[in-house]
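Content type compact mmCIF, C-alpha atoms, from the file upload_7.txt:
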# COMPACT_ATOMS: atom_id res chain seq x y z
CA MET A 1 0.00 0.00 0.00
CA SER A 2 1.17 3.53 -0.57
CA GLY A 3 -0.24 7.02 -0.55
CA ASP A 4 -2.01 8.66 2.36
CA HIS A 5 -5.50 8.28 0.94
CA GLU A 6 -5.04 4.56 0.23
CA LEU A 7 -3.66 4.08 3.74
CA VAL A 8 -6.61 5.96 5.26
CA LYS A 9 -9.01 3.80 3.27
CA GLY A 10 -7.17 0.71 4.49
CA ILE A 11 -7.25 1.90 8.09
CA ALA A 12 -10.96 2.74 7.83
CA ALA A 13 -11.52 -0.81 6.50
CA ARG A 14 -9.42 -2.17 9.41
CA GLU A 15 -6.87 -3.71 7.04
CA PRO A 16 -3.90 -4.99 9.07
CA GLU A 17 -1.46 -4.14 6.27
CA ALA A 18 -2.44 -0.47 6.43
CA PHE A 19 -1.90 -0.28 10.20
CA HIS A 20 1.38 -2.13 9.89
CA GLU A 21 2.64 0.25 7.21
CA VAL A 22 1.68 3.37 9.16
CA MET A 23 3.21 2.05 12.37
CA GLU A 24 6.35 0.86 10.60
CA HIS A 25 6.94 4.29 9.08
CA THR A 26 5.92 6.50 11.99
CA ALA A 27 6.29 4.66 15.32
CA GLY A 28 9.94 5.58 15.86
CA ARG A 29 9.31 9.22 15.05
CA VAL A 30 6.27 9.35 17.33
CA VAL A 31 8.25 7.86 20.24
CA ASN A 32 11.13 10.29 19.62
CA LEU A 33 8.72 13.23 19.48
CA ALA A 34 7.14 12.17 22.76
CA VAL A 35 10.56 11.70 24.40
CA ARG A 36 11.39 15.27 23.44
CA PHE A 37 8.16 16.52 25.00
CA LEU A 38 8.09 14.38 28.12
CA GLY A 39 11.76 13.56 28.73
CA ASN A 40 10.88 9.99 29.61
CA ARG A 41 11.06 7.02 27.25
CA ALA A 42 8.48 4.93 29.12
CA ASP A 43 5.92 7.75 28.99
CA ALA A 44 6.81 8.34 25.34
CA GLU A 45 6.13 4.70 24.48
CA GLU A 46 2.76 4.94 26.24
CA ILE A 47 1.93 8.03 24.16
CA ALA A 48 2.88 6.17 20.97
CA GLN A 49 0.65 3.24 21.91
CA GLU A 50 -2.22 5.61 22.67
CA THR A 51 -1.64 7.40 19.37
CA PHE A 52 -1.93 4.20 17.35
CA LEU A 53 -4.88 3.02 19.43
CA ARG A 54 -6.65 6.25 18.51
CA LEU A 55 -5.72 5.70 14.87
CA TYR A 56 -7.42 2.32 15.06
CA GLN A 57 -10.46 3.51 17.02
CA HIS A 58 -10.99 6.76 15.10
CA PRO A 59 -9.56 6.57 11.58
CA PRO A 60 -8.79 10.03 10.21
CA ARG A 61 -10.81 11.68 7.50
CA LEU A 62 -8.21 13.51 5.46
CA ASP A 63 -8.89 16.28 3.04
CA PRO A 64 -6.76 16.28 -0.14
CA SER A 65 -4.27 18.80 1.27
CA SER A 66 -3.59 16.87 4.49
CA LYS A 67 -1.12 14.10 5.15
CA LEU A 68 -1.64 11.04 7.31
CA PHE A 69 1.67 11.79 9.03
CA THR A 70 0.32 15.21 10.09
CA TRP A 71 -2.74 13.56 11.65
CA VAL A 72 -0.57 11.04 13.53
CA TYR A 73 1.67 13.83 14.83
CA ARG A 74 -1.37 15.94 15.80
CA VAL A 75 -2.70 13.11 17.95
CA ALA A 76 0.73 12.47 19.53
CA VAL A 77 1.34 16.17 20.27
CA ASN A 78 -2.12 16.57 21.78
CA LEU A 79 -1.58 13.51 23.99
CA CYS A 80 1.81 14.87 25.11
CA MET A 81 0.37 18.29 25.87
CA ASP A 82 -2.51 16.71 27.80
CA ARG A 83 -0.05 14.70 29.87
CA LEU A 84 2.05 17.80 30.59
CA ARG A 85 -1.04 19.76 31.65
CA LYS A 86 -2.11 16.99 34.03
CA GLN A 87 1.22 16.86 35.80
CA SER A 88 1.34 18.97 38.93
CA ARG A 89 4.91 20.10 38.30
CA THR A 90 7.20 20.56 35.32
CA PRO A 91 8.54 17.14 34.32
CA PRO A 92 12.29 16.62 34.47
CA MET A 93 13.85 16.50 31.04
CA ASP A 94 16.38 13.72 31.46
CA SER A 95 17.47 14.11 27.87
CA LEU A 96 16.47 15.72 24.64
CA ASP A 97 18.97 13.42 22.95
CA LEU A 98 17.52 10.68 20.82
CA PRO A 99 18.68 7.13 20.57
CA SER A 100 21.02 6.55 17.67
CA GLY A 101 19.63 5.00 14.54
CA PRO A 102 17.72 5.94 11.43
CA GLU A 103 15.02 7.76 13.40
CA SER A 104 17.43 10.01 15.31
CA ASP A 105 18.75 13.42 14.46
CA GLU A 106 21.02 15.96 16.13
CA PRO A 107 19.60 16.89 19.55
CA LEU A 108 18.71 20.46 20.41
CA ALA A 109 21.45 20.69 23.04
CA GLY A 110 24.03 19.67 20.45
CA LYS A 111 22.74 22.27 18.02
CA ILE A 112 23.25 24.96 20.63
CA ALA A 113 26.40 23.71 22.36
CA GLY A 114 28.39 22.87 19.23
CA PRO A 115 30.64 19.96 18.25
CA VAL A 116 32.26 17.55 20.71
CA SER A 117 35.69 18.53 21.98
CA ARG A 118 38.56 16.54 23.45
CA ASN A 119 39.37 19.38 25.83
CA PRO A 120 37.96 18.55 29.29
CA ARG A 121 37.02 22.17 30.01
CA GLU A 122 35.15 22.47 26.73
CA THR A 123 33.45 19.13 27.38
CA ALA A 124 32.37 20.26 30.85
CA ALA A 125 31.09 23.57 29.45
CA ARG A 126 29.20 21.70 26.73
CA THR A 127 27.62 19.38 29.31
CA GLU A 128 26.62 22.34 31.46
CA THR A 129 25.13 24.13 28.46
CA ALA A 130 23.23 21.01 27.36
CA GLU A 131 21.75 20.64 30.85
CA ALA A 132 20.76 24.32 30.88
CA VAL A 133 19.04 23.87 27.50
CA ARG A 134 17.15 20.80 28.77
CA ARG A 135 15.97 22.69 31.86
CA ALA A 136 15.01 25.77 29.84
CA VAL A 137 13.00 23.77 27.30
CA ALA A 138 11.35 21.74 30.09
CA SER A 139 10.29 24.96 31.80
CA LEU A 140 8.42 26.24 28.74
CA PRO A 141 4.63 26.00 28.84
CA ALA A 142 3.29 23.17 26.67
CA GLU A 143 1.80 25.57 24.10
CA LEU A 144 5.26 27.09 23.53
CA ARG A 145 7.21 23.85 23.81
CA ALA A 146 5.11 22.17 21.10
CA PRO A 147 5.95 24.48 18.19
CA LEU A 148 9.59 24.71 19.35
CA VAL A 149 10.05 20.93 19.39
CA LEU A 150 8.28 20.55 16.04
CA SER A 151 10.32 23.34 14.45
CA ALA A 152 13.79 23.00 15.99
CA LEU A 153 13.93 19.25 16.51
CA GLU A 154 11.52 17.78 13.99
CA GLU A 155 12.40 20.47 11.45
CA LEU A 156 8.83 20.73 10.21
CA PRO A 157 7.69 23.75 8.19
CA HIS A 158 5.43 26.27 9.90
CA ALA A 159 2.47 25.33 7.71
CA GLU A 160 2.67 21.69 8.83
CA ILE A 161 3.15 22.71 12.47
CA ALA A 162 0.01 24.84 12.14
CA GLN A 163 -1.93 21.82 10.87
CA ILE A 164 -0.61 19.58 13.64
CA LEU A 165 -1.42 22.10 16.38
CA GLU A 166 -4.62 23.23 14.67
CA ILE A 167 -3.63 26.89 14.82
CA SER A 168 -2.78 29.44 12.14
CA PRO A 169 0.74 29.72 10.69
CA LYS A 170 0.87 33.23 12.18
CA ALA A 171 0.13 31.77 15.63
CA VAL A 172 2.98 29.30 15.11
CA GLU A 173 5.33 32.19 14.38
CA ARG A 174 4.15 34.09 17.47
CA ARG A 175 4.56 31.07 19.72
CA LEU A 176 8.00 30.30 18.31
CA SER A 177 9.01 33.90 18.84
CA ARG A 178 7.82 33.82 22.46
CA ALA A 179 9.51 30.45 23.08
CA ARG A 180 12.81 31.66 21.63
CA ALA A 181 12.63 34.89 23.64
CA LEU A 182 12.07 32.92 26.86
CA LEU A 183 14.90 30.53 26.00
CA LYS A 184 17.22 33.41 25.19
CA GLN A 185 16.39 35.04 28.52
CA ARG A 186 16.88 31.81 30.48
CA LEU A 187 20.07 30.86 28.61
CA GLN A 188 21.66 34.32 28.67
CA PRO A 189 24.59 33.19 30.87
CA TYR A 190 25.47 30.51 28.29
CA LEU A 191 25.27 32.66 25.17
Let me see whether you can do it: turn the structure in this file into C-alpha cells.
Amino acid sequence: MSGDHELVKGIAAREPEAFHEVMEHTAGRVVNLAVRFLGNRADAEEIAQETFLRLYQHPPRLDPSSKLFTWVYRVAVNLCMDRLRKQSRTPPMDSLDLPSGPESDEPLAGKIAGPVSRNPRETAARTETAEAVRRAVASLPAELRAPLVLSALEELPHAEIAQILEISPKAVERRLSRARALLKQRLQPYL
C-alpha cells in the first residue's frame, strides 16, 4: 500500500497491512517526538501506543491537502500536551537526545552547544550548556514547547506545524518567537 488516501481507506476498512505500514513508518518518530516533550522514554512509548490506538479507534478523515503523518503527529502532540497539563509540576527532562539509529537526528542541546571537543574544560562547558538547555525547554509551557520541538527538533515547516497544532501559521510564528525569547532570557549566561 502507498499514498495517504489509500492508507486511510485501508485503516478505515481495518486492514492490518495499512496499520502495519503506518506504524512501521511512523512509530519511531512518534516515540522520539514524545521523548522530546516528556523527557521519559516509558511515557513516550505509552503516548505512541495511545496514538496508534486512537488511529485504530478513530480513523482520520483527510482532506486532499492533508497528510496522514500530520494527523498522527497531531494526535501524539495533543496527547503529550494533555499529559504535561495533568502533571502537577514541570517534568524533568532527562534528555532531549535521541537514541542513535535511522530515526534520530542531532539533539537540540548539540545544536546549541556545538561539536564535541577533546578538551575537558570544553566538554564540561558543553555538558553544562546542554543541561541548561534541557531545563530551559522543560520549563516552557506546553503551548510554547510544542511548536519549538516541532520546528527546531523535527524540522517541520510552519504550515505543517500549524496543521498539527490546529492553529494558524501566524500563531505558530508568534509562539515560536515567544519560546525563543524565553529561552534566550533563560540561557543568557550561556550565550
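Interatomic distance, atom CA of Ala125 of chain A to atom CA of Arg36 of chain A: 22.2 Å.
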(Q) What's around Ala136 of chain A at 10 Å? Count all atoms listed in the file, leave out sequence neighbours fewer than 6 positions away in its own chain, and write the answer as a count of residues only. (A) 9
Q | Selected residue, from A:Ala142, A:Leu7, A:Arg134, A:Arg126, that lies nearest to His25 of chain A when counting only C-alpha atoms | A | A:Leu7
Q: Could you tell me how far atom CA of Val22 of chain A lies from atom CA of Tyr56 of chain A, in Å and to one decimal?
A: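 Going from atom CA of Val22 of chain A over to atom CA of Tyr56 of chain A, I get 10.9 Å.
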Q: May I ask for the distance between atom CA of Ser151 of chain A and atom CA of Arg54 of chain A, given in Å to one decimal place?
A: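 Interatomic distance, atom CA of Ser151 of chain A to atom CA of Arg54 of chain A: 24.4 Å.
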Q. Neighbours of Ala146 of chain A within 12 Å (all atoms listed in the file; same-chain residues fewer than 3 positions away dropped), as a PyMOL selection string?
A. chain A and resi 33-34+36-38+73-74+76-82+84+137-138+140-143+149-154+156+158+161-162+164-167+172+175-176+179
I need the residues from that last selection saved to file as a tab-separated table (two decimals), keeping the file's coordinate frame (with C-alpha atoms), if you can.
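This is the output file result14.tsv:
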chain	number	residue	atom	x	y	z
A	33	LEU	CA	8.72	13.23	19.48
A	34	ALA	CA	7.14	12.17	22.76
A	36	ARG	CA	11.39	15.27	23.44
A	37	PHE	CA	8.16	16.52	25.00
A	38	LEU	CA	8.09	14.38	28.12
A	73	TYR	CA	1.67	13.83	14.83
A	74	ARG	CA	-1.37	15.94	15.80
A	76	ALA	CA	0.73	12.47	19.53
A	77	VAL	CA	1.34	16.17	20.27
A	78	ASN	CA	-2.12	16.57	21.78
A	79	LEU	CA	-1.58	13.51	23.99
A	80	CYS	CA	1.81	14.87	25.11
A	81	MET	CA	0.37	18.29	25.87
A	82	ASP	CA	-2.51	16.71	27.80
A	84	LEU	CA	2.05	17.80	30.59
A	137	VAL	CA	13.00	23.77	27.30
A	138	ALA	CA	11.35	21.74	30.09
A	140	LEU	CA	8.42	26.24	28.74
A	141	PRO	CA	4.63	26.00	28.84
A	142	ALA	CA	3.29	23.17	26.67
A	143	GLU	CA	1.80	25.57	24.10
A	149	VAL	CA	10.05	20.93	19.39
A	150	LEU	CA	8.28	20.55	16.04
A	151	SER	CA	10.32	23.34	14.45
A	152	ALA	CA	13.79	23.00	15.99
A	153	LEU	CA	13.93	19.25	16.51
A	154	GLU	CA	11.52	17.78	13.99
A	156	LEU	CA	8.83	20.73	10.21
A	158	HIS	CA	5.43	26.27	9.90
A	161	ILE	CA	3.15	22.71	12.47
A	162	ALA	CA	0.01	24.84	12.14
A	164	ILE	CA	-0.61	19.58	13.64
A	165	LEU	CA	-1.42	22.10	16.38
A	166	GLU	CA	-4.62	23.23	14.67
A	167	ILE	CA	-3.63	26.89	14.82
A	172	VAL	CA	2.98	29.30	15.11
A	175	ARG	CA	4.56	31.07	19.72
A	176	LEU	CA	8.00	30.30	18.31
A	179	ALA	CA	9.51	30.45	23.08
Q: Point out the residue among A:Glu128, A:Pro147, A:Gln87, A:Ala181 with the least atom-to-atom distance to Ser168 of chain A, counting all atoms listed in the file.
A: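 That would be A:Pro147, the residue with the smallest distance to Ser168 of chain A.
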Q: Counting all atoms listed in the file, figure out which residue out of A:Arg83, A:Arg174, A:Lys67, A:His20 gets nearest to Phe52 of chain A.
A: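 Between A:Arg83, A:Arg174, A:Lys67, A:His20, the residue approaching Phe52 of chain A most closely is A:His20.
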